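Student: Structure: structure.tsv, TSV, C-alpha atoms and all ligand atoms.
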```tsv
chain	number	residue	atom	x	y	z
V	1159	MET	CA	-25.44	-9.07	21.91
V	1160	THR	CA	-22.57	-9.51	19.56
V	1161	VAL	CA	-23.66	-8.84	15.99
V	1162	PRO	CA	-22.53	-10.74	12.88
V	1163	PHE	CA	-19.10	-9.75	11.59
V	1164	ILE	CA	-19.11	-7.87	8.30
V	1165	PRO	CA	-15.54	-7.43	7.04
V	1166	PRO	CA	-14.55	-4.21	5.27
V	1167	ARG	CA	-14.03	-4.51	1.52
V	1168	ARG	CA	-10.28	-4.29	0.92
V	1169	THR	CA	-7.99	-4.51	-2.06
V	1170	LEU	CA	-5.31	-6.99	-1.04
V	1171	MET	CA	-1.87	-6.12	-2.42
V	1172	GLY	CA	0.34	-7.42	0.34
V	1173	PRO	CA	2.33	-10.66	0.63
V	1174	GLY	CA	-0.89	-12.71	0.91
V	1175	PRO	CA	-3.71	-13.35	1.23
V	1176	SER	CA	-4.51	-12.02	-2.23
V	1177	ASP	CA	-7.94	-10.93	-3.48
V	1178	VAL	CA	-10.32	-13.89	-3.61
V	1179	PRO	CA	-12.57	-13.89	-6.69
V	1180	GLN	CA	-16.33	-13.92	-6.02
V	1181	ARG	CA	-16.55	-17.26	-7.88
V	1182	VAL	CA	-14.30	-18.86	-5.25
V	1183	LEU	CA	-16.28	-17.32	-2.38
V	1184	ASP	CA	-19.54	-18.51	-3.97
V	1185	ALA	CA	-18.15	-22.02	-4.33
V	1186	MET	CA	-17.32	-22.05	-0.63
V	1187	ALA	CA	-20.93	-21.20	0.25
V	1188	ARG	CA	-22.28	-24.43	-1.35
V	1189	PRO	CA	-23.80	-27.10	0.95
V	1190	THR	CA	-21.42	-29.01	3.18
V	1191	ILE	CA	-21.34	-32.77	2.56
V	1192	GLY	CA	-19.60	-35.59	4.41
V	1193	HIS	CA	-15.87	-36.02	3.86
V	1194	LEU	CA	-16.23	-39.72	2.97
V	1195	ASP	CA	-19.20	-39.06	0.64
V	1196	PRO	CA	-18.36	-40.47	-2.82
V	1197	ALA	CA	-19.08	-37.00	-4.25
V	1198	PHE	CA	-16.41	-35.50	-1.99
V	1199	VAL	CA	-13.94	-38.25	-2.90
V	1200	GLU	CA	-14.49	-37.33	-6.57
V	1201	LEU	CA	-13.78	-33.66	-5.70
V	1202	MET	CA	-10.53	-34.73	-3.97
V	1203	GLU	CA	-9.45	-36.59	-7.12
V	1204	GLN	CA	-10.12	-33.53	-9.28
V	1205	ILE	CA	-8.19	-31.27	-6.91
V	1206	LYS	CA	-5.21	-33.67	-7.02
V	1207	SER	CA	-5.28	-33.76	-10.78
V	1208	MET	CA	-5.47	-29.95	-11.15
V	1209	LEU	CA	-2.67	-29.50	-8.60
V	1210	ARG	CA	-0.48	-31.77	-10.76
V	1211	MET	CA	-1.18	-29.38	-13.62
V	1212	ALA	CA	-0.20	-26.36	-11.49
V	1213	PHE	CA	2.97	-28.01	-10.13
V	1214	ARG	CA	3.87	-29.41	-13.58
V	1215	THR	CA	4.27	-32.90	-12.16
V	1216	GLU	CA	3.13	-36.48	-12.66
V	1217	ASN	CA	3.65	-37.21	-8.93
V	1218	SER	CA	0.68	-39.26	-7.81
V	1219	LEU	CA	1.18	-38.04	-4.23
V	1220	THR	CA	0.01	-34.45	-4.82
V	1221	PHE	CA	-2.74	-33.07	-2.58
V	1222	PRO	CA	-3.62	-30.15	-0.27
V	1223	VAL	CA	-2.70	-30.48	3.42
V	1224	SER	CA	-5.63	-29.39	5.62
V	1225	ALA	CA	-3.68	-26.48	7.11
V	1226	PRO	CA	-1.76	-23.38	5.97
V	1227	GLY	CA	1.53	-23.26	4.05
V	1228	SER	CA	3.55	-23.55	7.25
V	1229	ALA	CA	2.05	-27.02	7.80
V	1230	GLY	CA	3.05	-28.04	4.27
V	1231	MET	CA	6.58	-26.92	5.13
V	1232	GLU	CA	6.53	-28.94	8.32
V	1233	MET	CA	5.11	-32.01	6.54
V	1234	CYS	CA	8.09	-32.04	4.17
V	1235	PHE	CA	10.66	-31.79	6.98
V	1236	VAL	CA	9.12	-34.16	9.55
V	1237	ASN	CA	8.71	-36.89	6.94
V	1238	LEU	CA	12.02	-36.60	5.09
V	1239	VAL	CA	14.41	-35.64	7.89
V	1240	GLU	CA	15.31	-38.10	10.67
V	1241	PRO	CA	17.47	-37.38	13.72
V	1242	GLY	CA	21.09	-37.11	12.61
V	1243	ASP	CA	20.34	-36.44	8.92
V	1244	LYS	CA	22.41	-33.66	7.41
V	1245	VAL	CA	20.38	-30.96	5.63
V	1246	ILE	CA	21.80	-28.09	3.60
V	1247	VAL	CA	19.43	-25.17	4.25
V	1248	CYS	CA	19.58	-22.00	2.19
V	1249	ARG	CA	18.63	-18.86	4.08
V	1250	ASN	CA	18.12	-15.57	2.24
V	1251	GLY	CA	15.04	-14.34	4.07
V	1252	VAL	CA	12.43	-15.16	6.71
V	1253	PHE	CA	11.17	-18.40	5.19
V	1254	GLY	CA	14.63	-19.96	4.76
V	1255	GLY	CA	15.04	-19.23	8.49
V	1256	ARG	CA	11.85	-21.17	9.19
V	1257	MET	CA	13.16	-24.11	7.17
V	1258	LEU	CA	16.23	-24.07	9.40
V	1259	GLU	CA	14.00	-24.09	12.47
V	1260	ASN	CA	12.22	-27.16	11.07
V	1261	VAL	CA	15.52	-28.97	10.49
V	1262	LYS	CA	16.60	-28.31	14.07
V	1263	ARG	CA	13.30	-29.48	15.55
V	1264	THR	CA	13.32	-32.72	13.57
V	1265	GLY	CA	16.75	-33.49	15.01
V	1266	GLY	CA	18.48	-32.94	11.68
V	1267	VAL	CA	21.98	-31.51	11.44
V	1268	PRO	CA	21.74	-28.22	9.54
V	1269	VAL	CA	24.42	-26.89	7.20
V	1270	ILE	CA	23.47	-23.27	6.61
V	1271	VAL	CA	24.07	-21.47	3.31
V	1272	ASP	CA	23.49	-17.77	4.00
V	1273	ASP	CA	22.84	-15.13	1.39
V	1274	ALA	CA	21.96	-11.47	1.84
V	1275	TRP	CA	18.28	-10.63	2.18
V	1276	GLY	CA	17.09	-9.45	-1.23
V	1277	ALA	CA	19.63	-11.64	-3.08
V	1278	PRO	CA	18.84	-15.05	-4.60
V	1279	VAL	CA	20.52	-18.21	-3.25
V	1280	ASP	CA	24.06	-18.41	-4.65
V	1281	PRO	CA	24.48	-21.82	-6.38
V	1282	ASN	CA	28.26	-21.68	-5.87
V	1283	LYS	CA	27.82	-21.57	-2.10
V	1284	VAL	CA	25.54	-24.61	-2.36
V	1285	ARG	CA	28.21	-26.44	-4.42
V	1286	GLU	CA	30.77	-25.60	-1.72
V	1287	ALA	CA	28.42	-26.83	1.02
V	1288	PHE	CA	28.01	-30.18	-0.78
V	1289	ALA	CA	31.77	-30.44	-1.35
V	1290	ALA	CA	32.34	-29.98	2.39
V	1291	ASN	CA	29.36	-32.22	3.31
V	1292	PRO	CA	29.12	-35.03	0.73
V	1293	ASP	CA	26.91	-36.98	3.14
V	1294	ALA	CA	24.13	-34.34	3.09
V	1295	LYS	CA	20.78	-36.07	2.58
V	1296	VAL	CA	18.60	-33.08	1.70
V	1297	LEU	CA	18.91	-29.64	0.10
V	1298	ALA	CA	16.19	-27.19	1.20
V	1299	PHE	CA	15.56	-23.79	-0.35
V	1300	VAL	CA	12.82	-21.21	-0.91
V	1301	HIS	CA	12.04	-20.64	-4.58
V	1302	ALA	CA	10.26	-17.30	-4.09
V	1303	GLU	CA	11.27	-15.46	-0.89
V	1304	THR	CA	8.15	-13.49	-0.02
V	1305	SER	CA	9.98	-11.59	2.72
V	1306	THR	CA	12.29	-9.91	0.18
V	1307	GLY	CA	10.86	-10.43	-3.32
V	1308	ALA	CA	13.82	-12.47	-4.62
V	1309	GLN	CA	13.51	-15.59	-6.77
V	1310	SER	CA	16.21	-18.26	-6.74
V	1311	ASP	CA	17.29	-20.47	-9.64
V	1312	ALA	CA	15.45	-23.65	-8.66
V	1313	ALA	CA	16.56	-25.65	-11.72
V	1314	THR	CA	20.26	-25.10	-10.97
V	1315	LEU	CA	19.89	-25.72	-7.22
V	1316	ALA	CA	17.97	-28.97	-7.75
V	1317	LYS	CA	20.57	-30.15	-10.27
V	1318	ILE	CA	23.37	-29.64	-7.74
V	1319	ALA	CA	21.44	-31.74	-5.21
V	1320	GLN	CA	20.94	-34.52	-7.79
V	1321	GLU	CA	24.65	-34.55	-8.62
V	1322	HIS	CA	25.27	-35.32	-4.96
V	1323	GLY	CA	22.44	-37.85	-4.62
V	1324	ALA	CA	20.51	-35.60	-2.23
V	1325	LEU	CA	16.76	-35.01	-2.03
V	1326	THR	CA	15.38	-31.52	-2.65
V	1327	ILE	CA	12.72	-29.75	-0.57
V	1328	MET	CA	11.41	-26.58	-2.24
V	1329	ASP	CA	9.15	-23.86	-0.84
V	1330	CYS	CA	7.00	-22.62	-3.71
V	1331	VAL	CA	4.29	-20.96	-1.62
V	1332	THR	CA	4.54	-17.66	-3.48
V	1333	SER	CA	5.66	-18.97	-6.87
V	1334	LEU	CA	2.96	-21.57	-7.60
V	1335	GLY	CA	0.59	-20.13	-10.22
V	1336	GLY	CA	2.57	-16.88	-10.49
V	1337	THR	CA	5.93	-17.78	-12.00
V	1338	PRO	CA	7.09	-21.03	-13.64
V	1339	VAL	CA	7.26	-24.00	-11.25
V	1340	ARG	CA	8.28	-27.30	-12.89
V	1341	LEU	CA	8.67	-30.02	-10.28
V	1342	ASP	CA	9.38	-32.82	-12.77
V	1343	GLY	CA	11.47	-30.72	-15.15
V	1344	TRP	CA	13.68	-29.63	-12.27
V	1345	GLY	CA	13.62	-32.93	-10.36
V	1346	ILE	CA	12.20	-31.62	-7.07
V	1347	ASP	CA	11.42	-34.37	-4.50
V	1348	ALA	CA	9.17	-32.47	-2.09
V	1349	ALA	CA	7.39	-29.17	-2.61
V	1350	TYR	CA	4.80	-27.23	-0.64
V	1351	SER	CA	2.69	-24.19	-1.44
V	1352	GLY	CA	-0.24	-22.19	-0.08
V	1353	SER	CA	-3.79	-21.57	-1.23
V	1354	GLN	CA	-3.84	-17.82	-0.55
V	1355	LYS	CA	-1.06	-16.43	-2.72
V	1356	CYS	CA	-1.04	-16.80	-6.51
V	1357	LEU	CA	-3.84	-19.38	-6.45
V	1358	SER	CA	-6.15	-16.71	-4.93
V	1359	CYS	CA	-8.12	-19.03	-2.72
V	1360	THR	CA	-8.73	-18.33	0.98
V	1361	PRO	CA	-5.85	-19.17	3.38
V	1362	GLY	CA	-5.69	-22.49	5.17
V	1363	LEU	CA	-4.72	-25.14	2.62
V	1364	SER	CA	-1.23	-26.20	1.59
V	1365	PRO	CA	-0.78	-28.02	-1.72
V	1366	VAL	CA	2.14	-30.48	-1.49
V	1367	SER	CA	3.75	-32.94	-3.87
V	1368	PHE	CA	6.21	-35.81	-3.28
V	1369	SER	CA	8.30	-37.77	-5.79
V	1370	GLN	CA	8.53	-41.58	-5.73
V	1371	ARG	CA	12.04	-41.19	-4.34
V	1372	ALA	CA	10.68	-39.11	-1.48
V	1373	ILE	CA	7.99	-41.73	-0.78
V	1374	ASP	CA	10.60	-44.53	-0.80
V	1375	THR	CA	12.67	-42.51	1.68
V	1376	ILE	CA	9.68	-41.98	3.96
V	1377	GLN	CA	8.64	-45.64	3.81
V	1378	SER	CA	12.14	-46.80	4.79
V	1379	ARG	CA	12.53	-44.51	7.82
V	1380	ARG	CA	14.36	-45.90	10.84
V	1381	THR	CA	12.18	-43.90	13.25
V	1382	PRO	CA	8.46	-43.04	13.24
V	1383	VAL	CA	7.49	-39.53	12.13
V	1384	GLN	CA	7.14	-37.56	15.38
V	1385	SER	CA	4.05	-35.68	14.19
V	1386	TRP	CA	0.94	-37.84	14.10
V	1387	PHE	CA	-1.11	-35.34	12.05
V	1388	LEU	CA	1.57	-34.79	9.41
V	1389	ASP	CA	2.78	-38.41	9.09
V	1390	LEU	CA	2.43	-39.12	5.36
V	1391	ASN	CA	2.19	-42.87	5.97
V	1392	LEU	CA	-1.13	-42.18	7.71
V	1393	VAL	CA	-2.34	-39.34	5.49
V	1394	LEU	CA	-1.85	-41.58	2.44
V	1395	GLY	CA	-4.80	-43.78	3.43
V	1396	TYR	CA	-7.04	-40.70	3.34
V	1397	TRP	CA	-5.85	-38.96	0.19
V	1398	GLN	CA	-4.26	-41.69	-1.83
V	1399	SER	CA	-5.80	-45.16	-1.43
V	1400	ALA	CA	-7.38	-46.41	-4.65
V	1401	GLY	CA	-10.65	-47.82	-3.33
V	1402	LYS	CA	-11.66	-47.31	0.27
V	1403	ARG	CA	-10.64	-44.10	2.08
V	1404	THR	CA	-9.88	-44.43	5.74
V	1405	TYR	CA	-10.66	-41.70	8.22
V	1406	HIS	CA	-7.61	-39.72	9.25
V	1407	HIS	CA	-9.00	-36.25	9.97
V	1408	THR	CA	-12.01	-34.34	8.63
V	1409	ALA	CA	-10.93	-32.32	5.60
V	1410	PRO	CA	-12.19	-28.71	5.61
V	1411	ILE	CA	-14.97	-29.42	3.11
V	1412	ASN	CA	-15.97	-25.90	2.03
V	1413	PRO	CA	-12.44	-24.51	1.69
V	1414	MET	CA	-11.79	-27.53	-0.60
V	1415	TYR	CA	-14.70	-26.32	-2.77
V	1416	GLY	CA	-12.91	-22.97	-2.92
V	1417	LEU	CA	-9.56	-24.48	-3.88
V	1418	HIS	CA	-11.30	-26.57	-6.55
V	1419	GLU	CA	-12.90	-23.45	-8.03
V	1420	ALA	CA	-9.61	-21.50	-7.92
V	1421	LEU	CA	-7.91	-24.35	-9.80
V	1422	VAL	CA	-10.76	-24.53	-12.34
V	1423	MET	CA	-10.19	-20.81	-12.95
V	1424	LEU	CA	-6.46	-21.41	-13.37
V	1425	GLU	CA	-7.18	-24.19	-15.86
V	1426	GLU	CA	-9.56	-21.92	-17.78
V	1427	GLU	CA	-6.97	-19.15	-17.99
V	1428	GLY	CA	-4.12	-21.53	-18.75
V	1429	LEU	CA	-1.09	-21.83	-16.47
V	1430	GLU	CA	1.30	-20.19	-18.91
V	1431	ASN	CA	-1.15	-17.34	-19.49
V	1432	ALA	CA	-1.29	-16.81	-15.72
V	1433	TRP	CA	2.52	-16.62	-15.59
V	1434	ALA	CA	2.46	-14.11	-18.48
V	1435	ARG	CA	-0.22	-12.01	-16.77
V	1436	HIS	CA	1.82	-11.76	-13.56
V	1437	ARG	CA	4.84	-10.67	-15.63
V	1438	ALA	CA	2.85	-8.08	-17.62
V	1439	MET	CA	1.16	-6.62	-14.53
V	1440	HIS	CA	4.54	-6.40	-12.81
V	1441	GLU	CA	5.94	-4.40	-15.74
V	1442	THR	CA	2.99	-2.00	-15.54
V	1443	LEU	CA	3.30	-1.53	-11.78
V	1444	LYS	CA	7.07	-1.11	-12.04
V	1445	ALA	CA	6.72	1.66	-14.63
V	1446	GLY	CA	4.31	3.52	-12.34
V	1447	LEU	CA	6.45	3.08	-9.21
V	1448	GLU	CA	9.66	4.15	-10.96
V	1449	ASP	CA	7.81	7.12	-12.41
V	1450	MET	CA	7.21	8.19	-8.79
V	1451	GLY	CA	10.92	7.83	-8.06
V	1452	LEU	CA	10.54	4.63	-6.03
V	1453	ARG	CA	13.36	2.07	-6.23
V	1454	TYR	CA	13.29	-1.73	-6.12
V	1455	VAL	CA	15.15	-3.71	-3.44
V	1456	VAL	CA	15.96	-6.76	-5.61
V	1457	ASP	CA	18.15	-6.73	-8.75
V	1458	GLU	CA	16.11	-6.99	-11.92
V	1459	ALA	CA	17.34	-10.52	-12.77
V	1460	ALA	CA	16.06	-12.04	-9.52
V	1461	ARG	CA	12.90	-9.95	-9.11
V	1462	LEU	CA	9.61	-11.72	-8.43
V	1463	PRO	CA	6.80	-10.24	-10.53
V	1464	GLN	CA	4.23	-11.12	-7.85
V	1465	LEU	CA	6.08	-9.51	-4.91
V	1466	ASN	CA	7.43	-6.02	-5.48
V	1467	SER	CA	9.76	-4.86	-2.70
V	1468	ILE	CA	10.54	-1.17	-2.79
V	1469	HIS	CA	12.61	1.09	-0.57
V	1470	VAL	CA	10.63	3.52	1.60
V	1471	PRO	CA	11.78	7.02	0.56
V	1472	ALA	CA	13.95	8.85	3.10
V	1473	GLY	CA	11.96	10.83	5.67
V	1474	VAL	CA	8.70	8.95	5.07
V	1475	ASP	CA	6.93	7.27	8.03
V	1476	GLU	CA	6.21	3.93	6.37
V	1477	ALA	CA	3.69	2.70	8.95
V	1478	ALA	CA	1.70	5.94	8.69
V	1479	VAL	CA	1.51	5.55	4.91
V	1480	ARG	CA	0.30	1.96	5.20
V	1481	ALA	CA	-2.31	3.01	7.76
V	1482	ARG	CA	-3.56	5.75	5.42
V	1483	LEU	CA	-3.66	3.35	2.47
V	1484	LEU	CA	-5.81	1.01	4.54
V	1485	ASN	CA	-8.08	3.56	6.17
V	1486	GLU	CA	-8.62	5.97	3.27
V	1487	PHE	CA	-8.18	3.72	0.26
V	1488	ASN	CA	-9.06	0.28	1.65
V	1489	LEU	CA	-5.77	-0.91	0.21
V	1490	GLU	CA	-3.44	-3.33	1.96
V	1491	ILE	CA	0.27	-3.50	1.14
V	1492	GLY	CA	2.93	-5.30	3.17
V	1493	ALA	CA	5.61	-4.01	5.53
V	1494	GLY	CA	9.20	-5.21	5.73
V	1495	LEU	CA	10.06	-8.13	8.01
V	1496	GLY	CA	13.09	-8.63	10.26
V	1497	ASP	CA	16.04	-6.44	9.27
V	1498	MET	CA	13.92	-4.84	6.56
V	1499	SER	CA	11.22	-3.71	8.97
V	1500	GLY	CA	10.54	0.01	8.55
V	1501	LYS	CA	12.71	0.18	5.43
V	1502	ILE	CA	10.70	-1.45	2.66
V	1503	TRP	CA	7.17	-1.98	1.40
V	1504	ARG	CA	6.07	-5.19	-0.23
V	1505	ILE	CA	3.44	-4.80	-2.93
V	1506	GLY	CA	1.85	-8.06	-3.95
V	1507	LEU	CA	0.50	-8.82	-7.42
V	1508	MET	CA	-0.64	-12.31	-6.64
V	1509	GLY	CA	-3.33	-14.25	-8.47
V	1510	HIS	CA	-6.57	-12.27	-8.77
V	1511	SER	CA	-4.76	-9.19	-7.38
V	1512	ALA	CA	-2.54	-9.09	-10.49
V	1513	ARG	CA	-4.86	-6.96	-12.59
V	1514	GLN	CA	-4.93	-3.46	-14.03
V	1515	GLU	CA	-7.60	-1.97	-11.75
V	1516	ASN	CA	-5.57	-2.96	-8.66
V	1517	ILE	CA	-2.45	-1.36	-10.08
V	1518	ASP	CA	-4.35	1.83	-10.91
V	1519	ALA	CA	-5.81	1.94	-7.38
V	1520	CYS	CA	-2.41	1.31	-5.79
V	1521	LEU	CA	-0.52	3.94	-7.80
V	1522	HIS	CA	-3.28	6.49	-7.26
V	1523	ALA	CA	-3.29	5.90	-3.49
V	1524	LEU	CA	0.51	5.93	-3.18
V	1525	ARG	CA	0.70	9.20	-5.13
V	1526	ALA	CA	-1.85	10.74	-2.78
V	1527	CYS	CA	0.10	9.61	0.30
V	1528	LEU	CA	3.59	10.48	-0.93
V	1529	GLY	CA	2.58	13.84	-2.44
X	1	LIG	C1	3.24	-17.31	3.11
X	1	LIG	C2	4.46	-18.16	3.04
X	1	LIG	C3	4.62	-19.29	3.85
X	1	LIG	C4	3.67	-19.66	4.96
X	1	LIG	O1	2.38	-19.87	4.54
X	1	LIG	P1	1.18	-19.72	5.62
X	1	LIG	O2	-0.01	-20.10	4.82
X	1	LIG	O3	1.20	-18.30	6.08
X	1	LIG	O4	1.46	-20.66	6.72
X	1	LIG	C5	5.75	-20.06	3.66
X	1	LIG	N1	6.69	-19.74	2.75
X	1	LIG	C6	6.56	-18.65	1.96
X	1	LIG	C7	7.63	-18.34	0.96
X	1	LIG	C8	5.45	-17.83	2.09
X	1	LIG	O5	5.32	-16.74	1.31
```
How does the structure come out when it is put into structure tokens?
Tutor:
Amino acid sequence: MTVPFIPPRRTLMGPGPSDVPQRVLDAMARPTIGHLDPAFVELMEQIKSMLRMAFRTENSLTFPVSAPGSAGMEMCFVNLVEPGDKVIVCRNGVFGGRMLENVKRTGGVPVIVDDAWGAPVDPNKVREAFAANPDAKVLAFVHAETSTGAQSDAATLAKIAQEHGALTIMDCVTSLGGTPVRLDGWGIDAAYSGSQKCLSCTPGLSPVSFSQRAIDTIQSRRTPVQSWFLDLNLVLGYWQSAGKRTYHHTAPINPMYGLHEALVMLEEEGLENAWARHRAMHETLKAGLEDMGLRYVVDEAARLPQLNSIHVPAGVDEAAVRARLLNEFNLEIGAGLGDMSGKIWRIGLMGHSARQENIDACLHALRACLG
């Protein structure tokens, strides 16, 4: 007979998921209720309101998609991009590449702005792309590139899009709750995030937010959204309608309890205090890593505090080190992706993982492995 699964106890310092606080796990173990129960509808309203706090937005259409961050990404593209629409896509890592893939599959016409992996998106290249393509409808970029640890200047990029009358789609999966995200201050039209990074909930939910301009664009589409599940016109009746909710799909009830608890914890700490904690913990980790002679991949100005990419020292078998960290120290850190595979490590300080005891454990284990 197969016995119940008991997971090992790990310290999660990779690119996500991050450590989930016991409070969030306890919340998820509360009794399941129906998804149209008035008590659940009240929980949905509270989640929407706390997500507006986290996104720094007044957008009424702000809610968690019942699926991981990749589904939030896809929801933005399938709703805002119609066949033939021109989209300027910035690609400076894995996730910009996935945005491009979304543009292609929605029948959009991509205009690619490439930057080196590890560098932020260059606003001048985006200006040039708009100058050459004044008819571009959307600008899409990743705020915090988890594959490299680089943060782009979202305020400047969004402003360029506005100057050209284009909509902005922003990936803030890794930034939300970790570094400043200001949807309204920057004028972002569509944003998506994930529950398992700096919000420190379990994976599987994707907070999204859409401006009125984005909603107007979606409601005046020439063609139906090709994805039934992600069609916002249909999802709206479930998450948004004032009185009666209509069945669209069954929301994952218990994970919603977890997200609610994670957001309550963020409210208790204060969003700006959470940003400051990520920054302070990054400084502490950086001092320890540099003390060991390890070097960062990303220039200081564009470095994400919650995702520390470092070069693997010459002659070190990076996979063997990660295996030892996991097996001997129960510590998970991330490997490099794509071109950076085998060359870098990615150490996450996301959400509940951004605390002193994790940094101490990580530095101690790395010292033991690197000698
Ligand atoms: C993790 C991540 C995603 C995808 O989220 P999933 O929950 O894994 O689907 C998208 N974009 C960025 C920048 C990410 O870090």
Student: Of the residues V:Gly1362, V:Pro1162, V:Gly1323, V:Pro1173, which is the one nearest to V:Ala1302, using all atoms listed in the file?
Tutor: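 Nearest to V:Ala1302: V:Pro1173.
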Student: When you draw a straight line from atom CA of V:Gln1398 to atom CA of V:Gln1384, how long is it in Å?
Tutor: 21.1 Å
Student: Can you tell me which residues come within 10 Å of ligand LIG 1 (chain X) when counting all atoms listed in the file, ideally as a VMD selection string?
Tutor: chain V and resid 1173 to 1175 1225 to 1232 1251 to 1254 1256 to 1257 1299 to 1307 1328 to 1333 1350 to 1355 1360 to 1364 1465
Student: Closest to V:Asn1391 among V:Gln1377, V:Leu1334, V:Ala1312, V:Arg1403, using only C-alpha atoms?
Tutor: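 Nearest to V:Asn1391: V:Gln1377.
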Student: Given the choices V:Glu1427, V:Asp1518, V:Asp1497, V:Glu1490, which gets closest to V:Gly1446 if the distance is worked out from only C-alpha atoms?
Tutor: V:Asp1518
Student: Select, from V:Asp1184, V:Glu1240, V:Glu1425, V:Asp1389, the residue with the minimum atom-to-atom distance to V:Lys1295, counting all atoms listed in the file.
Tutor: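 Among the listed residues, V:Glu1240 lies closest to V:Lys1295.
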Student: Record the distance separating atom CA of V:Arg1435 and atom CA of V:Val1339, expressed in Å with one decimal.
Tutor: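 About the pair atom CA of V:Arg1435 and atom CA of V:Val1339: they are 15.2 Å apart.
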Student: Compile the contact shell of V:Gly1451 as a ChimeraX atom specification: residues with an atom at most 12 Å away, counting all atoms listed in the file, same-chain residues fewer than 6 positions apart removed.
Tutor: /V:1444-1445,1468-1472,1524-1525,1528-1529
Student: Restricting the calculation to only C-alpha atoms: of V:Gly1336, V:Gly1276, V:Gly1395, V:Gly1172, which residue gets closest to V:Gly1492?
Tutor: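 Once distances to V:Gly1492 are computed over only C-alpha atoms, the minimum belongs to V:Gly1172.
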Student: Expressed in Å to a single decimal, how great is the separation between atom CA of V:Thr1326 and atom CA of V:Leu1394?
Tutor: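 Going from atom CA of V:Thr1326 over to atom CA of V:Leu1394 covers 20.6 Å.
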Student: Measuring atom to atom with all atoms listed in the file, identify which of V:Asp1347, V:Gly1335, V:Met1171, V:Glu1430 is nearest to V:Arg1504.
Tutor: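 Among the listed residues, the smallest separation from V:Arg1504 belongs to V:Met1171.
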Student: Pull out stretch 1443-1486 of chain V, keep C-alpha atoms, and write it as a compact mmCIF listing (two decimals), in the first residue's frame.
Tutor:
```
# COMPACT_ATOMS: atom_id res chain seq x y z
CA LEU V 1443 23.31 38.34 2.33
CA LYS V 1444 25.40 40.35 -0.13
CA ALA V 1445 27.98 41.18 2.56
CA GLY V 1446 28.29 37.48 3.42
CA LEU V 1447 28.53 36.32 -0.21
CA GLU V 1448 31.11 38.96 -1.12
CA ASP V 1449 33.07 38.06 1.99
CA MET V 1450 33.35 34.55 0.49
CA GLY V 1451 34.63 36.05 -2.77
CA LEU V 1452 31.40 35.43 -4.70
CA ARG V 1453 30.43 37.96 -7.37
CA TYR V 1454 27.02 39.21 -8.50
CA VAL V 1455 25.82 38.81 -12.10
CA VAL V 1456 23.72 42.01 -12.24
CA ASP V 1457 25.07 45.57 -11.86
CA GLU V 1458 24.27 47.06 -8.48
CA ALA V 1459 21.79 49.63 -9.88
CA ALA V 1460 19.51 46.99 -11.42
CA ARG V 1461 19.90 44.28 -8.78
CA LEU V 1462 16.76 42.68 -7.33
CA PRO V 1463 17.03 42.31 -3.55
CA GLN V 1464 14.80 39.23 -3.61
CA LEU V 1465 16.74 37.33 -6.31
CA ASN V 1466 20.51 37.22 -5.91
CA SER V 1467 22.29 35.85 -8.99
CA ILE V 1468 25.92 35.00 -8.41
CA HIS V 1469 28.61 33.54 -10.64
CA VAL V 1470 29.64 29.96 -9.84
CA PRO V 1471 33.37 30.10 -8.99
CA ALA V 1472 35.69 28.60 -11.61
CA GLY V 1473 36.27 24.87 -11.19
CA VAL V 1474 33.20 24.31 -9.00
CA ASP V 1475 30.59 21.70 -10.05
CA GLU V 1476 27.49 23.81 -9.48
CA ALA V 1477 24.98 20.95 -9.61
CA ALA V 1478 26.98 18.96 -7.05
CA VAL V 1479 26.96 21.93 -4.68
CA ARG V 1480 23.20 22.36 -5.04
CA ALA V 1481 22.68 18.65 -4.43
CA ARG V 1482 24.79 18.83 -1.26
CA LEU V 1483 22.94 21.92 -0.06
CA LEU V 1484 19.68 20.04 -0.48
CA ASN V 1485 20.72 16.68 0.91
CA GLU V 1486 22.94 17.78 3.81
```
